[in-house]
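S.K.: As input, take protein-v6.txt (compact mmCIF, C-alpha atoms):
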# COMPACT_ATOMS: atom_id res chain seq x y z
CA MET L 1 -44.49 -8.57 38.35
CA ASN L 2 -43.66 -8.96 41.97
CA LEU L 3 -40.14 -7.67 42.59
CA THR L 4 -38.57 -9.21 45.69
CA ARG L 5 -35.43 -7.96 47.39
CA ARG L 6 -33.54 -11.08 46.30
CA GLY L 7 -34.71 -10.66 42.72
CA ALA L 8 -33.63 -7.03 42.61
CA ILE L 9 -30.11 -7.85 43.83
CA ALA L 10 -29.72 -10.65 41.30
CA LEU L 11 -30.89 -8.29 38.57
CA ALA L 12 -28.40 -5.62 39.54
CA PHE L 13 -25.54 -8.12 39.46
CA GLY L 14 -26.67 -9.47 36.13
CA ALA L 15 -26.76 -6.03 34.54
CA GLY L 16 -23.32 -5.22 35.92
CA ALA L 17 -21.83 -8.41 34.53
CA ALA L 18 -23.46 -7.85 31.14
CA THR L 19 -21.96 -4.38 30.73
CA MET L 20 -18.52 -5.60 31.72
CA LEU L 21 -18.57 -8.52 29.32
CA PRO L 22 -17.86 -6.68 26.04
CA LEU L 23 -14.93 -4.86 27.65
CA ARG L 24 -13.40 -8.13 28.75
CA THR L 25 -13.62 -9.83 25.35
CA TRP L 26 -12.19 -6.66 23.81
CA ALA L 27 -8.98 -6.93 25.81
CA ALA L 28 -8.69 -10.69 25.42
CA THR L 29 -8.94 -10.76 21.62
CA ASN L 30 -6.12 -8.37 20.92
CA ASN L 31 -3.27 -10.34 19.46
CA ALA L 32 -0.72 -7.59 18.75
CA GLU L 33 2.27 -9.31 20.35
CA GLU L 34 1.34 -12.67 18.80
CA LEU L 35 1.17 -11.10 15.35
CA ILE L 36 4.53 -9.43 15.82
CA ALA L 37 6.06 -12.70 17.01
CA ALA L 38 4.62 -14.53 14.00
CA PHE L 39 6.05 -11.87 11.69
CA THR L 40 9.53 -11.86 13.21
CA GLY L 41 9.61 -15.58 13.94
CA GLY L 42 10.40 -14.74 17.55
CA ALA L 43 13.48 -12.71 16.68
CA ALA L 44 14.36 -9.70 18.80
CA THR L 45 13.43 -6.26 17.49
CA THR L 46 15.50 -3.12 17.83
CA GLU L 47 14.20 0.42 18.14
CA GLY L 48 14.89 2.79 15.28
CA GLY L 49 15.35 2.32 11.56
CA VAL L 50 11.64 2.44 10.93
CA THR L 51 9.33 5.41 11.21
CA ILE L 52 5.57 5.48 11.58
CA GLY L 53 3.65 8.66 11.02
CA ALA L 54 0.14 9.36 12.25
CA PRO L 55 -1.66 12.35 13.69
CA GLU L 56 -1.23 12.82 17.42
CA ILE L 57 -4.95 13.36 17.83
CA ALA L 58 -7.40 11.77 15.41
CA GLU L 59 -10.89 13.18 15.66
CA ASN L 60 -12.50 10.36 13.74
CA GLY L 61 -11.19 6.84 14.31
CA ASN L 62 -12.78 5.64 11.09
CA THR L 63 -10.07 7.05 8.87
CA VAL L 64 -6.72 7.79 10.41
CA PRO L 65 -3.94 8.46 7.88
CA VAL L 66 -0.85 6.40 8.60
CA ASP L 67 2.45 6.24 6.77
CA VAL L 68 5.38 3.95 7.38
CA SER L 69 8.89 3.95 6.00
CA ALA L 70 12.05 2.01 6.69
CA GLU L 71 15.25 2.32 4.75
CA GLY L 72 16.19 -1.05 3.28
CA ALA L 73 13.19 -2.97 4.57
CA THR L 74 11.68 -5.84 2.60
CA ALA L 75 8.43 -5.89 4.55
CA ILE L 76 6.64 -3.82 7.16
CA LEU L 77 3.92 -5.03 9.51
CA ILE L 78 1.51 -2.54 11.06
CA VAL L 79 -0.49 -3.51 14.14
CA ALA L 80 -2.91 -1.56 16.29
CA ALA L 81 -2.48 -2.51 19.93
CA GLY L 82 -5.95 -1.40 21.01
CA ASN L 83 -8.22 -2.70 18.25
CA PRO L 84 -10.41 -5.81 18.62
CA ASN L 85 -8.15 -7.39 16.00
CA ALA L 86 -4.61 -6.09 16.12
CA GLY L 87 -3.72 -6.69 12.48
CA VAL L 88 -3.78 -3.69 10.17
CA ALA L 89 -1.61 -4.45 7.16
CA GLU L 90 1.47 -6.35 6.08
CA ILE L 91 3.32 -4.60 3.29
CA THR L 92 5.82 -6.47 1.14
CA PHE L 93 8.05 -4.46 -1.15
CA GLY L 94 8.96 -5.86 -4.55
CA PRO L 95 12.10 -5.17 -6.58
CA LEU L 96 10.54 -2.13 -8.26
CA ALA L 97 9.56 -0.28 -5.10
CA ALA L 98 11.57 2.93 -5.06
CA ARG L 99 11.72 3.10 -1.28
CA SER L 100 10.29 0.99 1.48
CA ALA L 101 7.46 3.33 2.31
CA ALA L 102 3.71 3.31 1.99
CA ALA L 103 0.70 5.21 3.25
CA THR L 104 -2.87 4.15 3.95
CA ARG L 105 -5.84 4.98 6.15
CA VAL L 106 -6.85 2.85 9.10
CA ARG L 107 -9.63 2.38 11.64
CA LEU L 108 -8.82 2.77 15.31
CA ALA L 109 -11.24 1.71 18.01
CA GLY L 110 -9.86 4.17 20.55
CA THR L 111 -6.76 5.88 21.87
CA GLN L 112 -3.93 3.42 21.46
CA ASP L 113 -0.45 2.67 20.17
CA LEU L 114 0.23 1.89 16.53
CA VAL L 115 3.24 -0.36 16.08
CA ALA L 116 5.30 -0.84 12.93
CA VAL L 117 7.76 -3.70 12.62
CA ALA L 118 10.12 -3.75 9.64
CA ARG L 119 11.93 -6.79 8.28
CA MET L 120 15.29 -5.59 7.03
CA ALA L 121 17.12 -7.05 4.05
CA ASP L 122 19.75 -8.56 6.38
CA GLY L 123 17.07 -10.41 8.35
CA SER L 124 17.00 -8.16 11.40
CA TYR L 125 13.85 -6.49 12.68
CA ALA L 126 13.20 -2.91 13.69
CA ARG L 127 10.25 -1.62 15.60
CA ALA L 128 8.62 1.74 16.25
CA SER L 129 5.38 2.76 17.86
CA ARG L 130 3.27 5.86 17.96
CA ASN L 131 0.45 6.81 20.27
CA VAL L 132 -2.70 8.14 18.63
CA LYS L 133 -5.47 9.75 20.65
CA VAL L 134 -8.86 9.01 19.17
CA THR L 135 -11.93 11.07 20.02
CA ILE L 136 -14.52 8.92 18.25
CA GLY L 137 -13.82 5.20 17.83
CA GLY L 138 -13.91 3.60 14.41
CA CYS L 139 -15.10 0.08 15.15
CA GLY L 140 -18.70 0.91 15.97
CA GLY L 141 -20.91 -1.98 16.99
CA MET M 1 -24.25 -2.21 -2.97
CA ALA M 2 -22.61 0.48 -4.95
CA ALA M 3 -20.35 -0.78 -7.69
CA VAL M 4 -16.76 -1.24 -6.65
CA LYS M 5 -14.74 1.27 -8.59
CA PRO M 6 -10.95 1.48 -8.47
CA ARG M 7 -9.27 4.82 -8.99
CA VAL M 8 -5.54 5.22 -9.40
CA LYS M 9 -3.31 8.20 -9.96
CA VAL M 10 -0.16 7.47 -11.93
CA PRO M 11 1.83 9.90 -14.07
CA SER M 12 1.40 8.83 -17.70
CA LYS M 13 4.90 9.96 -18.63
CA ALA M 14 8.15 9.46 -16.75
CA SER M 15 11.84 9.25 -17.45
CA ALA M 16 13.71 5.97 -17.08
CA GLY M 17 14.80 5.28 -13.52
CA GLU M 18 12.58 8.03 -12.17
CA THR M 19 10.76 7.57 -8.88
CA ILE M 20 7.05 8.16 -9.13
CA THR M 21 4.40 8.27 -6.45
CA VAL M 22 1.37 6.08 -7.08
CA LYS M 23 -1.91 6.72 -5.30
CA THR M 24 -4.74 4.22 -5.35
CA LEU M 25 -8.25 4.22 -3.98
CA ILE M 26 -11.04 1.71 -4.37
CA SER M 27 -14.63 2.20 -3.29
CA HIS M 28 -15.40 -0.69 -0.99
CA PRO M 29 -17.32 -0.86 2.32
CA MET M 30 -14.61 -2.94 4.07
CA GLU M 31 -17.19 -4.54 6.36
CA SER M 32 -15.07 -5.48 9.37
CA GLY M 33 -17.15 -8.35 10.76
CA GLN M 34 -17.32 -6.51 14.10
CA ARG M 35 -20.46 -4.51 13.47
CA LYS M 36 -23.99 -5.65 14.23
CA ASP M 37 -27.19 -4.73 12.47
CA LYS M 38 -30.18 -3.37 14.38
CA ASP M 39 -31.42 -6.87 15.24
CA GLY M 40 -28.11 -7.73 16.89
CA ASN M 41 -26.87 -10.04 14.16
CA VAL M 42 -23.24 -9.73 13.22
CA ILE M 43 -22.76 -8.33 9.72
CA PRO M 44 -20.44 -10.80 7.99
CA ARG M 45 -16.92 -9.68 7.19
CA LYS M 46 -16.34 -8.55 3.61
CA ILE M 47 -13.10 -6.75 2.94
CA ILE M 48 -10.39 -6.35 0.34
CA ASN M 49 -7.81 -8.77 1.77
CA THR M 50 -4.94 -8.26 -0.67
CA PHE M 51 -3.69 -5.41 -2.78
CA ALA M 52 -0.89 -5.85 -5.28
CA ALA M 53 0.78 -3.73 -7.92
CA THR M 54 2.93 -5.29 -10.61
CA PHE M 55 4.82 -3.65 -13.46
CA GLU M 56 5.29 -5.89 -16.50
CA GLY M 57 5.15 -8.98 -14.29
CA GLU M 58 7.56 -7.64 -11.69
CA GLU M 59 6.14 -6.94 -8.26
CA VAL M 60 6.20 -3.42 -6.90
CA ILE M 61 4.23 -3.81 -3.70
CA ARG M 62 1.94 -6.33 -2.06
CA ILE M 63 -0.18 -5.52 0.96
CA LYS M 64 -2.00 -8.02 3.12
CA VAL M 65 -4.99 -6.07 4.35
CA GLU M 66 -6.84 -6.61 7.63
CA PRO M 67 -10.28 -5.29 8.63
CA ALA M 68 -8.60 -2.37 10.40
CA VAL M 69 -8.06 -0.62 7.08
CA SER M 70 -10.70 2.05 6.48
CA ALA M 71 -13.59 1.83 4.07
CA ASN M 72 -12.59 2.83 0.55
CA PRO M 73 -9.03 1.65 1.16
CA TYR M 74 -6.34 4.05 0.07
CA PHE M 75 -2.74 3.06 -0.61
CA GLU M 76 0.15 5.24 -1.61
CA PHE M 77 3.65 4.08 -2.52
CA ASP M 78 6.70 5.00 -4.57
CA MET M 79 8.00 3.01 -7.49
CA LYS M 80 10.97 3.16 -9.81
CA VAL M 81 10.13 3.21 -13.50
CA PRO M 82 12.48 0.91 -15.44
CA GLY M 83 10.95 1.68 -18.84
CA THR M 84 7.73 1.88 -20.80
CA GLY M 85 5.15 -0.59 -19.64
CA THR M 86 1.88 -1.24 -17.88
CA LEU M 87 1.37 -0.96 -14.16
CA ALA M 88 -1.29 -3.47 -13.15
CA PHE M 89 -3.25 -3.19 -9.92
CA ALA M 90 -5.28 -5.97 -8.32
CA TRP M 91 -7.54 -5.88 -5.29
CA THR M 92 -8.75 -9.24 -4.01
CA ASP M 93 -12.11 -9.34 -2.25
CA ASP M 94 -13.02 -11.81 0.52
CA ASP M 95 -15.60 -13.36 -1.83
CA GLY M 96 -12.85 -14.15 -4.34
CA THR M 97 -13.57 -11.34 -6.79
CA VAL M 98 -10.48 -9.61 -8.11
CA TYR M 99 -10.85 -5.98 -9.16
CA THR M 100 -8.19 -4.85 -11.58
CA GLU M 101 -6.99 -1.65 -13.14
CA ASP M 102 -4.18 -1.05 -15.63
CA LYS M 103 -2.21 2.13 -16.24
CA LYS M 104 0.31 2.69 -19.00
CA ILE M 105 3.53 4.51 -18.20
CA GLU M 106 5.47 5.88 -21.13
CA VAL M 107 9.15 6.59 -20.94
CA ALA M 108 10.14 9.40 -23.26
Represent the structure contained in this file as structure tokens.
M.R.:
Amino acid sequence: MNLTRRGAIALAFGAGAATMLPLRTWAATNNAEELIAAFTGGAATTEGGVTIGAPEIAENGNTVPVDVSAEGATAILIVAAGNPNAGVAEITFGPLAARSAAATRVRLAGTQDLVAVARMADGSYARASRNVKVTIGGCGG
Amino acid sequence: MAAVKPRVKVPSKASAGETITVKTLISHPMESGQRKDKDGNVIPRKIINTFAATFEGEEVIRIKVEPAVSANPYFEFDMKVPGTGTLAFAWTDDDGTVYTEDKKIEVA
């Protein structure tokens, strides 16, 4: 193949654009705030009243233990602000739940904030977030 | 694919009104729909999308699950035991399959 100067420049630009592309779609697809708005119906959230527990540093993003609790909550939404899809879980507590708390394990694509939004029995919403540093991402592609 | 096998940990005996901790785990790949195989084709999403626990027809907890939950999804919660009965668990797969598990709780 005969590589001309013009061809080489075009190639360099093309490669640059291709490597940037996945990063751009990553940021654009995260719908954390939309999910929270859909859950609260646009209502304002207050800080406090809900706690979210997760390790400060997670070595493996594939399984990060997370627990949430909120006194008197009927439902808790967990979202991951830095995942390709922000949704993690929506927990609804029935009449037999002893306390509004649950624990699970989640995947995190990278260092990011985990947000918990609780729907209280009186219809108000509480919100808490926690930053988790991830050494190895859990959404491998 | 390995058979999907639910495992739950529930105390078999409790006293009335007691709070017990229930731990559940189900073996499932939780394919997120984000990964690609070595030819660059997207592996289709296949996850458990709902988990529910009911005690004698009354709901204890219901979780809407997204792909961000890890493979072999684990859930832990607390419930109040009103009396003797069966705690029924159900995991709903994306393909419509429902995996179930029942545990008896006896009140002495």
S.K.: Please check the contacts: residues of chain M at most 6 Å away from chain L, using all atoms listed in the file, listed as a ChimeraX atom specification.
M.R.: /M:35-36,59-66,68-70,74-80
S.K.: Between L:Ala70, L:Glu33, L:Arg6, L:Gly42, single out the one closest to Val115 (chain L), counting only C-alpha atoms.
M.R.: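 Closest residue, counting only C-alpha atoms: L:Glu33.
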S.K.: Measure the distance from CA of Ser69 (chain L) to CA of Asn131 (chain L) in Å and round it to one decimal.
M.R.: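 Between CA of Ser69 (chain L) and CA of Asn131 (chain L) the gap works out to 16.8 Å.
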S.K.: List the spatial neighbours of region 6-22 of chain M as a VMD selection string - criterion: any atom at most 8 Å away, only C-alpha atoms, same-chain residues fewer than 2 positions off excluded.
M.R.: (chain L and resid 98) or (chain M and resid 4 24 to 27 76 to 83 99 to 101 103 to 108)
S.K.: Mind writing the picked residues with C-alpha atoms as a compact mmCIF listing (two decimals), in the frame of the given file?
M.R.:
# COMPACT_ATOMS: atom_id res chain seq x y z
CA ALA L 98 11.57 2.93 -5.06
CA VAL M 4 -16.76 -1.24 -6.65
CA THR M 24 -4.74 4.22 -5.35
CA LEU M 25 -8.25 4.22 -3.98
CA ILE M 26 -11.04 1.71 -4.37
CA SER M 27 -14.63 2.20 -3.29
CA GLU M 76 0.15 5.24 -1.61
CA PHE M 77 3.65 4.08 -2.52
CA ASP M 78 6.70 5.00 -4.57
CA MET M 79 8.00 3.01 -7.49
CA LYS M 80 10.97 3.16 -9.81
CA VAL M 81 10.13 3.21 -13.50
CA PRO M 82 12.48 0.91 -15.44
CA GLY M 83 10.95 1.68 -18.84
CA TYR M 99 -10.85 -5.98 -9.16
CA THR M 100 -8.19 -4.85 -11.58
CA GLU M 101 -6.99 -1.65 -13.14
CA LYS M 103 -2.21 2.13 -16.24
CA LYS M 104 0.31 2.69 -19.00
CA ILE M 105 3.53 4.51 -18.20
CA GLU M 106 5.47 5.88 -21.13
CA VAL M 107 9.15 6.59 -20.94
CA ALA M 108 10.14 9.40 -23.26
S.K.: Pick the closest to Glu47 (chain L) from L:Ala118, L:Val132, L:Ala126, L:Ala32: which is it, counting all atoms listed in the file?
M.R.: L:Ala126
S.K.: Using the partial input, fill out region 36-56 of chain M with N, CA, C and O atoms; write the result as an mmCIF file, in the frame of the given file.
M.R.:
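Okay, selection24.cif is ready:
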data_model
loop_
_atom_site.group_PDB
_atom_site.id
_atom_site.type_symbol
_atom_site.label_atom_id
_atom_site.label_comp_id
_atom_site.auth_asym_id
_atom_site.auth_seq_id
_atom_site.Cartn_x
_atom_site.Cartn_y
_atom_site.Cartn_z
ATOM 1 N N LYS M 36 -22.729 -4.906 14.159
ATOM 2 C CA LYS M 36 -23.990 -5.650 14.230
ATOM 3 C C LYS M 36 -25.081 -4.812 13.601
ATOM 4 O O LYS M 36 -25.047 -3.586 13.668
ATOM 5 N N ASP M 37 -26.062 -5.488 12.996
ATOM 6 C CA ASP M 37 -27.190 -4.730 12.470
ATOM 7 C C ASP M 37 -28.172 -4.457 13.605
ATOM 8 O O ASP M 37 -27.933 -4.816 14.757
ATOM 9 N N LYS M 38 -29.315 -3.823 13.296
ATOM 10 C CA LYS M 38 -30.180 -3.370 14.380
ATOM 11 C C LYS M 38 -30.884 -4.515 15.106
ATOM 12 O O LYS M 38 -31.422 -4.326 16.180
ATOM 13 N N ASP M 39 -30.851 -5.714 14.543
ATOM 14 C CA ASP M 39 -31.420 -6.870 15.240
ATOM 15 C C ASP M 39 -30.371 -7.608 16.065
ATOM 16 O O ASP M 39 -30.655 -8.657 16.653
ATOM 17 N N GLY M 40 -29.147 -7.111 16.082
ATOM 18 C CA GLY M 40 -28.110 -7.730 16.890
ATOM 19 C C GLY M 40 -27.342 -8.830 16.179
ATOM 20 O O GLY M 40 -26.518 -9.493 16.789
ATOM 21 N N ASN M 41 -27.618 -9.027 14.889
ATOM 22 C CA ASN M 41 -26.870 -10.040 14.160
ATOM 23 C C ASN M 41 -25.568 -9.432 13.628
ATOM 24 O O ASN M 41 -25.548 -8.286 13.179
ATOM 25 N N VAL M 42 -24.514 -10.218 13.703
ATOM 26 C CA VAL M 42 -23.240 -9.730 13.220
ATOM 27 C C VAL M 42 -23.273 -9.642 11.690
ATOM 28 O O VAL M 42 -23.702 -10.577 11.015
ATOM 29 N N ILE M 43 -22.851 -8.489 11.163
ATOM 30 C CA ILE M 43 -22.760 -8.330 9.720
ATOM 31 C C ILE M 43 -21.501 -9.052 9.267
ATOM 32 O O ILE M 43 -20.419 -8.792 9.780
ATOM 33 N N PRO M 44 -21.627 -10.013 8.341
ATOM 34 C CA PRO M 44 -20.440 -10.800 7.990
ATOM 35 C C PRO M 44 -19.321 -9.951 7.384
ATOM 36 O O PRO M 44 -19.578 -8.952 6.728
ATOM 37 N N ARG M 45 -18.096 -10.400 7.663
ATOM 38 C CA ARG M 45 -16.920 -9.680 7.190
ATOM 39 C C ARG M 45 -16.852 -9.729 5.662
ATOM 40 O O ARG M 45 -17.076 -10.760 5.040
ATOM 41 N N LYS M 46 -16.552 -8.602 5.046
ATOM 42 C CA LYS M 46 -16.340 -8.550 3.610
ATOM 43 C C LYS M 46 -15.361 -7.418 3.341
ATOM 44 O O LYS M 46 -15.732 -6.255 3.378
ATOM 45 N N ILE M 47 -14.122 -7.771 3.137
ATOM 46 C CA ILE M 47 -13.100 -6.750 2.940
ATOM 47 C C ILE M 47 -12.248 -7.087 1.713
ATOM 48 O O ILE M 47 -12.322 -8.178 1.171
ATOM 49 N N ILE M 48 -11.465 -6.108 1.306
ATOM 50 C CA ILE M 48 -10.390 -6.350 0.340
ATOM 51 C C ILE M 48 -9.262 -6.956 1.180
ATOM 52 O O ILE M 48 -8.820 -6.327 2.140
ATOM 53 N N ASN M 49 -8.835 -8.187 0.893
ATOM 54 C CA ASN M 49 -7.810 -8.770 1.770
ATOM 55 C C ASN M 49 -6.397 -8.690 1.190
ATOM 56 O O ASN M 49 -5.425 -8.890 1.916
ATOM 57 N N THR M 50 -6.276 -8.390 -0.088
ATOM 58 C CA THR M 50 -4.940 -8.260 -0.670
ATOM 59 C C THR M 50 -4.939 -7.165 -1.730
ATOM 60 O O THR M 50 -5.892 -7.047 -2.511
ATOM 61 N N PHE M 51 -3.893 -6.388 -1.728
ATOM 62 C CA PHE M 51 -3.690 -5.410 -2.780
ATOM 63 C C PHE M 51 -2.309 -5.638 -3.364
ATOM 64 O O PHE M 51 -1.354 -5.866 -2.624
ATOM 65 N N ALA M 52 -2.195 -5.643 -4.681
ATOM 66 C CA ALA M 52 -0.890 -5.850 -5.280
ATOM 67 C C ALA M 52 -0.740 -4.980 -6.513
ATOM 68 O O ALA M 52 -1.707 -4.731 -7.243
ATOM 69 N N ALA M 53 0.459 -4.486 -6.723
ATOM 70 C CA ALA M 53 0.780 -3.730 -7.920
ATOM 71 C C ALA M 53 1.971 -4.386 -8.585
ATOM 72 O O ALA M 53 2.985 -4.654 -7.939
ATOM 73 N N THR M 54 1.839 -4.673 -9.873
ATOM 74 C CA THR M 54 2.930 -5.290 -10.610
ATOM 75 C C THR M 54 3.173 -4.489 -11.889
ATOM 76 O O THR M 54 2.231 -4.004 -12.519
ATOM 77 N N PHE M 55 4.441 -4.367 -12.252
ATOM 78 C CA PHE M 55 4.820 -3.650 -13.460
ATOM 79 C C PHE M 55 5.458 -4.648 -14.399
ATOM 80 O O PHE M 55 6.523 -5.175 -14.114
ATOM 81 N N GLU M 56 4.788 -4.935 -15.513
ATOM 82 C CA GLU M 56 5.290 -5.890 -16.500
ATOM 83 C C GLU M 56 5.716 -7.207 -15.841
ATOM 84 O O GLU M 56 6.784 -7.742 -16.083
#
